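Shown next, in structure tokens, is the structure this report addresses.
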Amino acid sequence: MHFLFWFILYPLSLLPLCILYGIGLVLYIVLAYLVRYRRKVIDENLRHSFPEKSEKELARIRRQYYWHLAQLAAEMLKMLTLSRHKVKQRYRCENPEVVNRFFDEGKSVILMSSHYNNWEWMVLSLDMQFKHHGIGIGKPNSNKKFEKLINRARTRYGTEVVFADTVKEVFENYESKHIPCCYMMLSDQSPSNPRKCFVTDFLNQQSGILFGAEHYAQKYDIPVIYYQVIKDKLGYYHLEFELITDHPTQTEYGYITTRYAQLLEKSIRQNPSYWLWSHRRWKHKFN
């Protein structure tokens with residue numbers, strides 16, 4: 001794994017993005033037409049989510065999704081060596097005051113989003129985007145050696161990466177010390193325990209949504225903001241924010257999670273090819 005990372009992936013990441021996108025085009029052909037990567041899962045997810053669309057329309061979304069995956073692979077590779085200046089240039093936050101005002105009030109924030117567009121550059125840039133200390137929360141990788149190497153790239157500009165097994169201690173540590181943090185939580189993965197999720201309608205299906213963001217928001221009274229990653233052009237993005245609540249303890253049970261699901265669905269319907277359709281999102285059935 002170290003050989004693969006340092007002698008293949010790292011040198012490749014030094015190439016200009018335009019060349020990496022060229023390599024990505026080859027990857028697109030392989031994914032879409034040769035190995036047909038997770039074709040059955042993608043088609044099933046698309047059909048259930050968009051029953052109103054024709055097979056031709058769904059096939060077009062699938063092809064666009066494969067091309068998106070290839071671009072994402074190139075951009076994740078480039079993440080290993082992308083400079084701070086280039087990150088700020090390519091991944092812009094146009095209105096950071098939406099988040100920073102809570103830092104000025106001495107409050108942490110929870111940023112809720114999904115595996116939509118390029119989420120890895122958000123992890124990379126989180127600590128430099130806002131006044132808060134950036135913390136990305138996710139699921140651990142099954143390959144611990146790869147996880148250690150990729151986290152070295154993710155955290156080199158100050159972002160802290162933590163996983164589900166330590167997230168409780170992380171929240172308690174920072175909130176007890178009144179250190180304002182920006183917690184990035186991607187809540188669109190299939191819950192590992194279907195009995196501990198919140199069930200709501202999402203993309204035409206009863207879906208289990210991870211409940212961690214709402215749980216910690218209400219426990220520590222942390223404002224919650226939904227953010228969407230908008231692709232301006234190839235390799236360039238900006239962030240848009242929408243406040244879900246700045247008084248989470250005053251919301252009814254499930255409000256934060258339901259509102260998040262509504263906003264995410266709106267984002268996906270605007271540009272469906274940018275979401276992670278190859279993930280088995282609906283392996284648990286709640287109907």
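For the structure tokens, the naming scheme is as follows: chains receive sequential letters (A, B, ...) according to their order of presentation, residues are indexed from 1 within each chain, and ligands are indexed from 1 in presentation order.
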Can you tell me, as JSON, numbers by chain, which residues in segment 9-160 of chain A count as helix (DSSP H, G or I) by DSSP? {"A": [9, 10, 11, 12, 13, 17, 18, 19, 20, 21, 22, 23, 24, 25, 26, 27, 28, 29, 30, 31, 32, 33, 34, 39, 40, 41, 42, 43, 44, 45, 46, 47, 48, 49, 55, 56, 57, 58, 59, 60, 61, 62, 63, 64, 65, 66, 67, 68, 69, 70, 71, 72, 73, 74, 75, 76, 77, 78, 84, 85, 86, 87, 88, 89, 90, 97, 98, 99, 100, 101, 102, 103, 104, 120, 121, 122, 123, 124, 125, 126, 127, 128, 129, 144, 145, 146, 147, 148, 149, 150, 151, 152, 153, 154]}
When you look at segment 123-139 of chain A with a cut-off of 8 Å (counting only C-alpha atoms), what residues show up, excluding the ones that are within fewer than 2 positions of it in the same chain? I need them as a PyMOL selection string. chain A and resi 79+87-88+91+93+96+99-100+103+108+119-121+141+153-164+167+180-186
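Residue nearest Lys78 of chain A, chosen from A:Leu34, A:Val41, A:Leu9, A:Ile29 and counting only C-alpha atoms: A:Leu9.
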Which residue, A:Leu264, A:Val35, A:Ile150, A:Ala59, has the smallest gap to Thr81 of chain A when you use only C-alpha atoms?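 Nearest to Thr81 of chain A: A:Ile150.
Restricting the calculation to only C-alpha atoms, the smallest distance between Pro272 of chain A and any of A:Glu94, A:Glu57, A:Glu172, A:Glu44 is found for A:Glu57.
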Cut-off 10 Å: closest segment 58-147 of chain A/segment 219-235 of chain A atom pairs per residue, using only C-alpha atoms, as a Markdown table:
```
| residue | atom | partner | partner_atom | distance |
| --- | --- | --- | --- | --- |
| A:Gln71 | CA | A:Leu234 | CA | 8.3 |
| A:Leu72 | CA | A:Gly235 | CA | 9.1 |
| A:Ala74 | CA | A:Gly235 | CA | 9.5 |
| A:Glu75 | CA | A:Gly235 | CA | 7.4 |
| A:Arg90 | CA | A:Gly235 | CA | 6.6 |
| A:Tyr91 | CA | A:Gly235 | CA | 8.5 |
| A:Arg92 | CA | A:Val229 | CA | 9.6 |
| A:Cys93 | CA | A:Val229 | CA | 9.6 |
| A:Val98 | CA | A:Ile225 | CA | 8.8 |
| A:Val99 | CA | A:Ile225 | CA | 8.0 |
| A:Phe102 | CA | A:Pro223 | CA | 8.1 |
| A:Lys107 | CA | A:Ile222 | CA | 6.9 |
| A:Ser108 | CA | A:Ile222 | CA | 5.9 |
| A:Val109 | CA | A:Pro223 | CA | 5.1 |
| A:Ile110 | CA | A:Val224 | CA | 4.8 |
| A:Leu111 | CA | A:Ile225 | CA | 5.0 |
| A:Met112 | CA | A:Tyr226 | CA | 4.9 |
| A:Ser113 | CA | A:Tyr227 | CA | 5.8 |
| A:Ser114 | CA | A:Gln228 | CA | 8.4 |
| A:His115 | CA | A:Val229 | CA | 9.7 |
| A:Tyr116 | CA | A:Val229 | CA | 7.0 |
| A:Asn117 | CA | A:Val229 | CA | 6.1 |
| A:Asn118 | CA | A:Val229 | CA | 7.2 |
| A:Trp119 | CA | A:Val229 | CA | 7.7 |
| A:Met122 | CA | A:Val229 | CA | 8.7 |
```
Those same residues - C-alpha atoms - I'd like them written as a JSON list (two decimals), in the first residue's frame.
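The resulting file, result-v6.json, is shown below:
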```
[["chain", "number", "residue", "atom", "x", "y", "z"],
["A", 71, "GLN", "CA", -13.68, 13.35, -12.78],
["A", 72, "LEU", "CA", -13.99, 12.84, -9.03],
["A", 74, "ALA", "CA", -8.95, 12.69, -10.88],
["A", 75, "GLU", "CA", -9.74, 15.42, -8.36],
["A", 90, "ARG", "CA", -10.99, 26.09, -7.11],
["A", 91, "TYR", "CA", -13.24, 25.54, -4.07],
["A", 92, "ARG", "CA", -14.78, 28.84, -3.03],
["A", 93, "CYS", "CA", -17.06, 29.82, -0.20],
["A", 98, "VAL", "CA", -23.36, 32.60, 7.18],
["A", 99, "VAL", "CA", -21.10, 30.28, 9.18],
["A", 102, "PHE", "CA", -21.79, 31.80, 14.86],
["A", 107, "LYS", "CA", -20.96, 28.84, 18.87],
["A", 108, "SER", "CA", -20.04, 25.74, 16.94],
["A", 109, "VAL", "CA", -21.97, 24.76, 13.80],
["A", 110, "ILE", "CA", -22.91, 21.48, 12.17],
["A", 111, "LEU", "CA", -22.68, 21.46, 8.37],
["A", 112, "MET", "CA", -24.97, 18.78, 6.95],
["A", 113, "SER", "CA", -24.48, 17.56, 3.42],
["A", 114, "SER", "CA", -23.92, 14.43, 1.35],
["A", 115, "HIS", "CA", -21.66, 12.63, -1.08],
["A", 116, "TYR", "CA", -22.67, 15.09, -3.77],
["A", 117, "ASN", "CA", -20.23, 16.65, -6.22],
["A", 118, "ASN", "CA", -16.69, 16.86, -4.80],
["A", 119, "TRP", "CA", -16.96, 16.33, -1.03],
["A", 122, "MET", "CA", -14.53, 20.18, 1.33]]
```
Write out as a ChimeraX atom specification the set of residues from segment 71-119 of chain A that DSSP, computed on the backbone, places in strand (DSSP E or B). /A:91-93,109-113,116
Can you write just those residues out, all heavy atoms, as a PDB file, in the first residue's frame?
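part-v5.pdb, freshly written:
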```pdb
ATOM      1  N   TYR A  91     -12.162  25.971  -4.966  1.00  0.00           N
ATOM      2  CA  TYR A  91     -13.239  25.537  -4.070  1.00  0.00           C
ATOM      3  C   TYR A  91     -13.593  26.724  -3.170  1.00  0.00           C
ATOM      4  O   TYR A  91     -13.032  26.895  -2.097  1.00  0.00           O
ATOM      5  CB  TYR A  91     -12.758  24.345  -3.242  1.00  0.00           C
ATOM      6  CG  TYR A  91     -13.837  23.378  -2.830  1.00  0.00           C
ATOM      7  CD1 TYR A  91     -14.268  22.363  -3.677  1.00  0.00           C
ATOM      8  CD2 TYR A  91     -14.421  23.463  -1.571  1.00  0.00           C
ATOM      9  CE1 TYR A  91     -15.237  21.461  -3.284  1.00  0.00           C
ATOM     10  CE2 TYR A  91     -15.391  22.562  -1.170  1.00  0.00           C
ATOM     11  CZ  TYR A  91     -15.803  21.553  -2.035  1.00  0.00           C
ATOM     12  OH  TYR A  91     -16.768  20.663  -1.638  1.00  0.00           O
ATOM     13  N   ARG A  92     -14.525  27.547  -3.650  1.00  0.00           N
ATOM     14  CA  ARG A  92     -14.778  28.845  -3.029  1.00  0.00           C
ATOM     15  C   ARG A  92     -16.018  28.820  -2.136  1.00  0.00           C
ATOM     16  O   ARG A  92     -17.020  28.190  -2.462  1.00  0.00           O
ATOM     17  CB  ARG A  92     -14.957  29.923  -4.095  1.00  0.00           C
ATOM     18  CG  ARG A  92     -13.747  30.158  -4.980  1.00  0.00           C
ATOM     19  CD  ARG A  92     -14.039  31.196  -6.045  1.00  0.00           C
ATOM     20  NE  ARG A  92     -15.091  30.748  -6.950  1.00  0.00           N
ATOM     21  CZ  ARG A  92     -16.335  31.201  -6.959  1.00  0.00           C
ATOM     22  NH1 ARG A  92     -16.708  32.125  -6.083  1.00  0.00           N
ATOM     23  NH2 ARG A  92     -17.228  30.749  -7.810  1.00  0.00           N
ATOM     24  N   CYS A  93     -15.909  29.539  -1.056  1.00  0.00           N
ATOM     25  CA  CYS A  93     -17.065  29.816  -0.199  1.00  0.00           C
ATOM     26  C   CYS A  93     -17.395  31.292  -0.374  1.00  0.00           C
ATOM     27  O   CYS A  93     -16.656  32.160   0.098  1.00  0.00           O
ATOM     28  CB  CYS A  93     -16.728  29.484   1.253  1.00  0.00           C
ATOM     29  SG  CYS A  93     -18.066  29.857   2.394  1.00  0.00           S
ATOM     30  N   VAL A 109     -20.929  25.023  14.790  1.00  0.00           N
ATOM     31  CA  VAL A 109     -21.975  24.760  13.800  1.00  0.00           C
ATOM     32  C   VAL A 109     -21.812  23.330  13.286  1.00  0.00           C
ATOM     33  O   VAL A 109     -20.715  22.773  13.296  1.00  0.00           O
ATOM     34  CB  VAL A 109     -21.922  25.742  12.603  1.00  0.00           C
ATOM     35  CG1 VAL A 109     -22.227  27.153  13.043  1.00  0.00           C
ATOM     36  CG2 VAL A 109     -20.587  25.667  11.889  1.00  0.00           C
ATOM     37  N   ILE A 110     -22.926  22.761  12.858  1.00  0.00           N
ATOM     38  CA  ILE A 110     -22.908  21.476  12.169  1.00  0.00           C
ATOM     39  C   ILE A 110     -23.291  21.735  10.722  1.00  0.00           C
ATOM     40  O   ILE A 110     -24.355  22.293  10.442  1.00  0.00           O
ATOM     41  CB  ILE A 110     -23.877  20.467  12.816  1.00  0.00           C
ATOM     42  CG1 ILE A 110     -23.368  20.050  14.195  1.00  0.00           C
ATOM     43  CG2 ILE A 110     -24.046  19.235  11.921  1.00  0.00           C
ATOM     44  CD1 ILE A 110     -24.304  19.137  14.961  1.00  0.00           C
ATOM     45  N   LEU A 111     -22.400  21.358   9.804  1.00  0.00           N
ATOM     46  CA  LEU A 111     -22.677  21.461   8.375  1.00  0.00           C
ATOM     47  C   LEU A 111     -23.156  20.098   7.885  1.00  0.00           C
ATOM     48  O   LEU A 111     -22.394  19.130   7.897  1.00  0.00           O
ATOM     49  CB  LEU A 111     -21.433  21.885   7.599  1.00  0.00           C
ATOM     50  CG  LEU A 111     -20.865  23.274   7.890  1.00  0.00           C
ATOM     51  CD1 LEU A 111     -19.694  23.564   6.953  1.00  0.00           C
ATOM     52  CD2 LEU A 111     -21.938  24.347   7.709  1.00  0.00           C
ATOM     53  N   MET A 112     -24.413  20.030   7.450  1.00  0.00           N
ATOM     54  CA  MET A 112     -24.974  18.779   6.949  1.00  0.00           C
ATOM     55  C   MET A 112     -24.938  18.780   5.425  1.00  0.00           C
ATOM     56  O   MET A 112     -25.334  19.754   4.790  1.00  0.00           O
ATOM     57  CB  MET A 112     -26.417  18.589   7.420  1.00  0.00           C
ATOM     58  CG  MET A 112     -26.576  18.329   8.891  1.00  0.00           C
ATOM     59  SD  MET A 112     -28.290  17.846   9.305  1.00  0.00           S
ATOM     60  CE  MET A 112     -28.335  16.152   8.701  1.00  0.00           C
ATOM     61  N   SER A 113     -24.453  17.703   4.864  1.00  0.00           N
ATOM     62  CA  SER A 113     -24.477  17.562   3.416  1.00  0.00           C
ATOM     63  C   SER A 113     -24.372  16.086   3.060  1.00  0.00           C
ATOM     64  O   SER A 113     -24.709  15.226   3.883  1.00  0.00           O
ATOM     65  CB  SER A 113     -23.364  18.376   2.760  1.00  0.00           C
ATOM     66  OG  SER A 113     -23.573  18.475   1.363  1.00  0.00           O
ATOM     67  N   TYR A 116     -22.135  14.412  -2.584  1.00  0.00           N
ATOM     68  CA  TYR A 116     -22.669  15.087  -3.766  1.00  0.00           C
ATOM     69  C   TYR A 116     -21.599  16.014  -4.309  1.00  0.00           C
ATOM     70  O   TYR A 116     -21.035  16.813  -3.560  1.00  0.00           O
ATOM     71  CB  TYR A 116     -23.924  15.869  -3.382  1.00  0.00           C
ATOM     72  CG  TYR A 116     -24.598  16.586  -4.532  1.00  0.00           C
ATOM     73  CD1 TYR A 116     -25.527  15.922  -5.331  1.00  0.00           C
ATOM     74  CD2 TYR A 116     -24.318  17.914  -4.805  1.00  0.00           C
ATOM     75  CE1 TYR A 116     -26.141  16.569  -6.386  1.00  0.00           C
ATOM     76  CE2 TYR A 116     -24.931  18.572  -5.857  1.00  0.00           C
ATOM     77  CZ  TYR A 116     -25.843  17.895  -6.646  1.00  0.00           C
ATOM     78  OH  TYR A 116     -26.451  18.545  -7.685  1.00  0.00           O
TER      79      TYR A 116
END
```
Hey, can you check how far atom CA of Val30 of chain A sits from atom CA of Ser267 of chain A?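 It comes out at 27.9 Å.
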Find the residues near Glu252 of chain A: any atom within 12 Å, counting only C-alpha atoms, skip ones fewer than 6 places away on the same chain, and give them as a PDB file with N, CA and C atoms, in the first residue's frame.
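Written file, out28.pdb:
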```pdb
ATOM      1  N   GLU A 214     -28.603  15.499  14.062  1.00  0.00           N
ATOM      2  CA  GLU A 214     -29.683  16.044  14.886  1.00  0.00           C
ATOM      3  C   GLU A 214     -29.442  15.743  16.362  1.00  0.00           C
ATOM      4  N   HIS A 215     -28.965  14.565  16.655  1.00  0.00           N
ATOM      5  CA  HIS A 215     -28.708  14.187  18.055  1.00  0.00           C
ATOM      6  C   HIS A 215     -27.723  15.152  18.716  1.00  0.00           C
ATOM      7  N   GLN A 218     -28.998  18.876  19.053  1.00  0.00           N
ATOM      8  CA  GLN A 218     -29.915  19.112  20.165  1.00  0.00           C
ATOM      9  C   GLN A 218     -29.220  18.925  21.513  1.00  0.00           C
ATOM     10  N   THR A 245     -31.587  25.398  11.206  1.00  0.00           N
ATOM     11  CA  THR A 245     -32.056  25.984  12.466  1.00  0.00           C
ATOM     12  C   THR A 245     -30.882  26.544  13.250  1.00  0.00           C
ATOM     13  N   THR A 258     -35.483  15.668   8.741  1.00  0.00           N
ATOM     14  CA  THR A 258     -36.459  15.760   7.655  1.00  0.00           C
ATOM     15  C   THR A 258     -36.146  16.925   6.727  1.00  0.00           C
ATOM     16  N   ARG A 259     -35.815  18.073   7.312  1.00  0.00           N
ATOM     17  CA  ARG A 259     -35.493  19.244   6.494  1.00  0.00           C
ATOM     18  C   ARG A 259     -34.231  19.002   5.674  1.00  0.00           C
TER      19      ARG A 259
END
```
Out of A:Glu55, A:Ile61, A:Ala70, A:Tyr260, which residue has the shortest atom-to-atom distance to Val26 of chain A when counting only C-alpha atoms? A:Ala70
